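S.K.: Structure provided below as structure tokens; questions to follow.
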Amino acid sequence: MRALLLQRFVVQKWSLIFAMALCLLLNFVHFSFVDSPSIGLVIVVISATLVENLYRGDRQVNWEVFVNSLPLSKKAQLQSDFLYCYGLITLLFLFIAPIYFSQPEASTDFLEHFAMYFAYISSAYFLICSQFYIQQLQEKEGMRTIRMLSATLLIILLNFVVHYYLSLVAGNLFTLVLPTIVSILISVLTFHKCLPFIYDKRNLLTIH
């Protein structure tokens, strides 16, 4: 699985380099949007379409044909994809952190600014997990899109309400990070719960 994960990063290297170079460039170029806390929404939007774009690219280059020729289970393939998506989003948040925390709001209202940063992270992690589940449903593309839009609105709304409320009542930074830790645990547990279901459905598709 580690070899497959490494191969993922190698194949997607130009996309990764472009995304990270853009984040680094924004540290030196000041636009009005860059000086706004909403810059975190850029990564949330990327996370909301990451899995779909990943699999669409796979179909274009026949990636699945190559992977299926390797002595790896479907479970290992899905786990490597999951780790790749989480790793990419984590890297983007790390690269954007200097821009985000150098904004004026970080000094005037640090707790709220800090809470919103982790609200973006929680939303992105939940969106990735939701996509993996929705992508495996045997439904029309239109229905999957509706499900994903509904999940996106609900996830973003709940995360921002929870984090904003905590920024008003929390007395320390750990309390603000706690919902993000919980979201990571829920995402990982949900993905592992879905693995047997996803694996069985893919086997049935292969037989048919």
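We name chains A, B, ... following the order of the structure tokens; residues begin at 1 in each chain, and ligands are numbered from 1 as shown.
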Could you find all residues in stretch 65-152 of chain A that DSSP calls alpha helix (DSSP H) from the backbone, and write them as a count of residues only?

M.R.: 74

S.K.: With a distance cut-off of 8 Å and only C-alpha atoms, select the neighbouring residues of stretch 47-51 of chain A, excluding the residue or stretch itself and same-chain residues fewer than 4 positions from it, and output the selection as a list in words.

M.R.: Ile43, Tyr55, Cys85, Ile89, Ala124, Tyr125, Leu127, Ile128, Gln131, Phe132 and Thr152 of chain A

S.K.: Give me the residues within 12 Å of stretch 105-108 of chain A as number ranges by chain, counting only C-alpha atoms and dropping any in the same chain fewer than 6 places off.

M.R.: A: 35-38, 97-99, 114-117

S.K.: Distance atom CA of A:Phe93-atom CA of A:Gly40, one decimal place?

M.R.: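 We find that atom CA of A:Phe93 and atom CA of A:Gly40 lie 8.0 Å from each other.
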